[in-house]
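Asker: Just one file: model.txt, with compact mmCIF, C-alpha atoms.
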# COMPACT_ATOMS: atom_id res chain seq x y z
CA MET A 28 -13.23 -4.50 7.06
CA LYS A 29 -11.86 -5.12 10.55
CA PRO A 30 -9.80 -2.14 11.79
CA ARG A 31 -6.18 -2.80 12.73
CA HIS A 32 -3.52 -0.93 14.63
CA GLU A 33 -0.55 0.32 12.65
CA TRP A 34 2.90 1.73 13.37
CA LYS A 35 5.19 3.22 10.78
CA HIS A 36 8.86 4.11 11.27
CA GLU A 37 11.36 5.53 8.80
CA ILE A 38 14.49 3.35 8.76
CA THR A 39 17.93 3.27 7.16
CA ALA A 40 19.48 0.41 5.19
CA ALA A 41 21.49 -0.51 8.31
CA ASP A 42 18.30 -0.54 10.40
CA ARG A 43 16.72 -2.91 7.89
CA LEU A 44 19.56 -5.41 8.28
CA VAL A 45 19.24 -5.32 12.08
CA LEU A 46 15.46 -5.70 11.96
CA SER A 47 15.66 -8.54 9.45
CA ALA A 48 18.03 -10.49 11.71
CA ARG A 49 15.83 -9.94 14.78
CA LEU A 50 12.56 -10.75 13.04
CA SER A 51 13.97 -13.89 11.43
CA ALA A 52 14.70 -15.18 14.94
CA VAL A 53 11.20 -14.63 16.38
CA ALA A 54 8.74 -14.58 13.45
CA ARG A 55 8.35 -16.44 10.18
CA ARG A 56 8.66 -15.10 6.69
CA ASP A 57 5.38 -14.58 4.92
CA ARG A 58 4.78 -17.76 2.89
CA HIS A 59 3.85 -15.73 -0.18
CA GLY A 60 6.48 -14.15 -2.39
CA GLN A 61 10.04 -15.37 -2.68
CA ASN A 62 11.03 -16.31 0.87
CA GLY A 63 8.77 -13.54 2.14
CA ARG A 64 10.01 -10.94 -0.36
CA TYR A 65 7.69 -9.16 -2.79
CA GLU A 66 8.19 -6.78 -5.67
CA ILE A 67 5.09 -4.59 -5.55
CA ARG A 68 3.68 -2.27 -8.18
CA SER A 69 0.77 0.01 -7.22
CA LEU A 70 -1.16 2.66 -9.10
CA TYR A 71 -2.73 5.25 -6.82
CA PHE A 72 -5.84 7.28 -7.52
CA ASP A 73 -6.54 10.88 -6.54
CA ASP A 74 -9.08 13.52 -7.48
CA LEU A 75 -8.71 16.87 -9.20
CA ARG A 76 -7.99 18.58 -5.87
CA ASP A 77 -5.38 16.01 -4.77
CA THR A 78 -7.52 15.22 -1.75
CA ALA A 79 -5.77 11.94 -0.86
CA LEU A 80 -2.37 13.63 -1.03
CA ARG A 81 -3.38 16.73 0.91
CA GLU A 82 -5.22 14.84 3.64
CA LYS A 83 -2.17 12.63 4.16
CA LEU A 84 0.21 15.59 4.35
CA ASP A 85 -2.16 17.45 6.69
CA GLY A 86 -2.59 14.43 8.97
CA VAL A 87 -6.38 14.29 8.62
CA ALA A 88 -7.64 11.68 11.09
CA LYS A 89 -10.28 10.17 8.78
CA ARG A 90 -9.17 9.53 5.21
CA GLU A 91 -9.18 6.97 2.41
CA LYS A 92 -7.33 6.12 -0.78
CA PHE A 93 -7.82 3.77 -3.72
CA ARG A 94 -5.10 1.84 -5.53
CA ILE A 95 -4.65 -1.14 -7.81
CA ARG A 96 -1.65 -3.42 -7.43
CA TYR A 97 0.06 -6.61 -8.46
CA TYR A 98 3.11 -8.54 -7.28
CA GLY A 99 6.27 -9.79 -8.89
CA GLY A 100 5.33 -8.58 -12.36
CA ASP A 101 2.38 -11.01 -12.48
CA ILE A 102 -0.58 -9.16 -14.01
CA SER A 103 -2.79 -12.25 -13.83
CA TYR A 104 -3.58 -11.31 -10.21
CA ILE A 105 -4.49 -7.63 -9.84
CA CYS A 106 -6.30 -6.22 -6.80
CA LEU A 107 -8.32 -3.05 -6.41
CA GLU A 108 -7.87 -1.88 -2.82
CA LYS A 109 -9.43 0.80 -0.68
CA LYS A 110 -7.40 1.68 2.38
CA SER A 111 -9.10 3.66 5.14
CA LYS A 112 -7.73 5.28 8.27
CA ARG A 113 -9.65 6.63 11.25
CA ASP A 114 -8.11 7.86 14.49
CA GLY A 115 -5.01 5.70 14.15
CA LEU A 116 -6.81 2.51 13.11
CA CYS A 117 -6.56 1.28 9.54
CA GLY A 118 -8.63 -1.05 7.40
CA LYS A 119 -8.50 -2.41 3.86
CA ARG A 120 -11.04 -3.81 1.42
CA SER A 121 -10.00 -5.50 -1.81
CA VAL A 122 -11.40 -7.19 -4.90
CA LEU A 123 -9.82 -8.81 -7.95
CA LEU A 124 -9.80 -7.14 -11.37
CA SER A 125 -9.09 -8.72 -14.74
CA VAL A 126 -6.43 -7.36 -17.06
CA GLN A 127 -9.14 -6.18 -19.46
CA GLU A 128 -10.98 -4.38 -16.66
CA VAL A 129 -7.81 -2.60 -15.65
CA GLN A 130 -7.08 -1.66 -19.24
CA ASP A 131 -10.59 -0.24 -19.61
CA LEU A 132 -10.17 1.65 -16.35
CA LEU A 133 -6.90 3.19 -17.51
CA GLU A 134 -8.49 4.21 -20.82
CA GLY A 135 -11.50 5.80 -19.11
CA ALA A 136 -13.94 3.15 -20.39
CA LEU A 137 -15.99 2.83 -17.20
CA ASP A 138 -19.42 1.59 -18.31
CA TRP A 139 -18.76 -1.94 -17.03
CA MET A 140 -18.14 -0.80 -13.46
CA PRO A 141 -21.67 -0.09 -12.12
CA GLU A 142 -22.86 -3.46 -13.51
CA SER A 143 -19.89 -5.42 -12.12
CA GLY A 144 -21.76 -6.70 -9.05
CA ARG A 145 -18.77 -5.82 -6.87
CA PRO A 146 -19.48 -3.06 -4.30
CA LEU A 147 -15.90 -1.79 -4.19
CA VAL A 148 -15.74 -1.44 -7.98
CA GLN A 149 -19.08 0.35 -7.91
CA GLU A 150 -17.87 2.70 -5.16
CA LEU A 151 -14.77 3.58 -7.17
CA TYR A 152 -16.94 4.25 -10.23
CA TRP A 153 -19.22 6.71 -8.44
CA LYS A 154 -16.27 8.51 -6.88
CA MET A 155 -14.59 8.76 -10.27
CA LYS A 156 -17.79 10.27 -11.64
CA ALA A 157 -18.55 12.54 -8.68
CA SER A 158 -15.12 13.89 -7.77
CA GLY A 159 -12.91 13.18 -10.77
CA LEU A 160 -10.92 10.42 -9.08
CA ARG A 161 -8.29 9.24 -11.58
CA PRO A 162 -5.06 7.19 -11.70
CA ARG A 163 -2.20 9.49 -10.70
CA THR A 164 1.14 7.74 -10.27
CA ILE A 165 2.85 4.37 -10.18
CA VAL A 166 4.68 3.38 -6.99
CA ASP A 167 7.14 0.45 -7.07
CA TYR A 168 8.98 -0.97 -4.07
CA THR A 169 10.44 -4.10 -2.49
CA ARG A 170 8.86 -5.57 0.63
CA ASP A 171 10.16 -8.12 3.13
CA ALA A 172 7.26 -9.46 5.19
CA TYR A 173 7.11 -11.35 8.50
CA VAL A 174 4.13 -12.74 10.37
CA PHE A 175 3.50 -13.71 13.99
CA PRO A 176 0.30 -15.60 14.88
CA ALA A 177 -0.45 -14.11 18.32
CA GLY A 178 -2.18 -10.79 17.72
CA ASN A 179 -2.30 -11.52 13.98
CA VAL A 180 0.86 -9.44 13.57
CA ARG A 181 2.37 -8.55 10.20
CA VAL A 182 5.70 -6.71 10.04
CA THR A 183 6.97 -5.36 6.73
CA LEU A 184 10.20 -3.70 5.65
CA ASP A 185 9.68 -1.60 2.52
CA TYR A 186 12.58 -0.16 0.52
CA ASN A 187 13.82 0.71 -2.97
CA ILE A 188 10.81 3.01 -3.43
CA ARG A 189 10.46 4.14 -7.04
CA THR A 190 8.05 6.39 -8.90
CA GLY A 191 6.58 6.36 -12.37
CA ILE A 192 6.51 10.19 -12.17
CA GLY A 193 3.47 11.02 -14.33
CA SER A 194 3.22 7.62 -16.02
CA THR A 195 0.20 5.38 -15.54
CA ASP A 196 1.60 2.58 -17.76
CA PHE A 197 0.67 0.18 -14.99
CA LEU A 198 0.14 -3.04 -16.96
CA HIS A 199 3.67 -3.18 -18.38
CA PRO A 200 5.98 -4.51 -15.63
CA ALA A 201 9.05 -3.31 -17.55
CA SER A 202 7.88 0.30 -17.77
CA VAL A 203 10.54 2.58 -16.32
CA THR A 204 10.38 3.92 -12.77
CA VAL A 205 13.03 5.99 -11.00
CA PRO A 206 14.11 6.30 -7.35
CA ALA A 207 11.78 8.54 -5.36
CA GLY A 208 14.46 10.99 -4.30
CA ASP A 209 15.98 10.16 -0.93
CA ALA A 210 12.95 8.23 0.31
CA PRO A 211 13.86 6.19 3.41
CA GLY A 212 12.99 2.59 4.09
CA ILE A 213 9.78 2.01 6.01
CA LEU A 214 9.04 -0.35 8.88
CA GLU A 215 5.32 -1.10 9.24
CA VAL A 216 3.83 -3.09 12.10
CA LYS A 217 0.14 -4.08 11.98
CA TRP A 218 -1.82 -6.03 14.56
CA ASP A 219 -5.34 -6.68 15.86
CA GLU A 220 -6.17 -6.44 19.56
CA PHE A 221 -2.64 -6.64 21.02
CA LEU A 222 1.02 -6.48 20.02
CA PRO A 223 3.08 -9.25 21.68
CA ASP A 224 6.09 -8.04 23.68
CA ILE A 225 8.46 -10.26 21.68
CA ILE A 226 7.57 -8.34 18.50
CA ARG A 227 7.44 -4.97 20.26
CA ASP A 228 10.98 -5.55 21.51
CA ALA A 229 12.25 -6.83 18.15
CA VAL A 230 11.21 -3.70 16.25
CA GLN A 231 12.57 -1.15 18.72
CA LEU A 232 15.37 1.03 17.32
CA PRO A 233 17.16 3.88 19.13
CA GLY A 234 16.06 7.29 17.92
CA ARG A 235 13.30 5.98 15.65
CA HIS A 236 9.80 7.31 16.21
CA THR A 237 6.38 6.78 14.69
CA SER A 238 6.21 8.40 11.27
CA ALA A 239 3.43 9.47 8.91
CA PHE A 240 5.57 8.71 5.84
CA SER A 241 3.59 7.91 2.70
CA LYS A 242 5.07 6.13 -0.31
CA TYR A 243 2.36 7.72 -2.44
CA ALA A 244 3.22 11.24 -1.20
CA ALA A 245 6.95 10.62 -1.71
CA CYS A 246 6.28 9.66 -5.33
CA ARG A 247 3.85 12.51 -5.99
CA ILE A 248 6.49 15.21 -5.46
CA TYR A 249 7.45 14.56 -9.08
CA GLY A 250 4.02 15.39 -10.43
Starting from the coordinates I provided, produce the structure as structure tokens.

Answerer:
Amino acid sequence: MKPRHEWKHEITAADRLVLSARLSAVARRDRHGQNGRYEIRSLYFDDLRDTALREKLDGVAKREKFRIRYYGGDISYICLEKKSKRDGLCGKRSVLLSVQEVQDLLEGALDWMPESGRPLVQELYWKMKASGLRPRTIVDYTRDAYVFPAGNVRVTLDYNIRTGIGSTDFLHPASVTVPAGDAPGILEVKWDEFLPDIIRDAVQLPGRHTSAFSKYAACRIYG
């Protein structure tokens, strides 16, 4: 899990239009999705003490969170992901899950996990057993993604953030979610060793500063 640098900025709908025009001129749309656009559904995990939520809100320098997600309503490709952050650097590990495995996970049928042969699945199992880690809330949003080869840069514009409130009906793409209050759009910029000036200049917006906004935290205010 190679650590990467990450910036986050809260943006308005007008900002998103400006950024989209700039990025389209200097970077290419991610080849996945529909012309670089994704509809993402995630289900986040937290423990009985809401550790992932509290550490995010408190700005703890070293933290982690687990989620499962799929794209565009296609449940044939579901990933379990662990996202880690340490002193401003972020990393992500992922592994595929079958629909049946996800269904068992949601129903609390966990016996298959330690014998899965997949370290990330096994780690989630032991943390579910040790600290009561459980699915907590669905987070839906739209993402426009751009990539730039130098620096392995990925720029995303996330918007239309919606919450399942207390629902964990993750496997049904048509299950209802509602807007997460007045959640802003989010600009995320990720890169490896360096951020090219052409991208640095393209994402600059007057009055916008690095933010610790969390889509998970925005959706958890409802329960």

Asker: Just to confirm, what's the straight-line distance from atom CA of Val182 of chain A to atom CA of Ser238 of chain A in Å (one decimal)?

Answerer: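 Separating atom CA of Val182 of chain A from atom CA of Ser238 of chain A is a distance of 15.2 Å.
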
Asker: Between atom CA of Val230 of chain A and atom CA of Val205 of chain A, what is the distance, to one decimal in Å?

Answerer: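 Rounded to one decimal, the two atoms are 29.0 Å apart.
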
Asker: For the atom pair atom CA of Tyr186 of chain A and atom CA of Glu33 of chain A, what is the interatomic distance in Å to one decimal place?

Answerer: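 Going from atom CA of Tyr186 of chain A over to atom CA of Glu33 of chain A covers 17.9 Å.
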
Asker: Would you mind telling me which residue in A:Leu198, A:Ala229, A:Leu50, A:Val122 lies nearest to Gly144 of chain A when using all atoms listed in the file?

Answerer: A:Val122

Asker: Using only C-alpha atoms, which protein or nucleic acid residues come within 12 Å of segment 35-49 of chain A? Drop anything in the same chain fewer than 6 positions from it, and give the result as a ChimeraX atom specification.

Answerer: /A:55-56,63-64,115,117,170-173,182-187,209-217,225-242

Asker: For the point (6.4, 11.8, -14.6) in file coordinates, what residues are within 12 Å, counting all atoms listed in the file? Give the answer as number ranges by chain?

Answerer: A: 163-166, 189-196, 203-207, 246-250
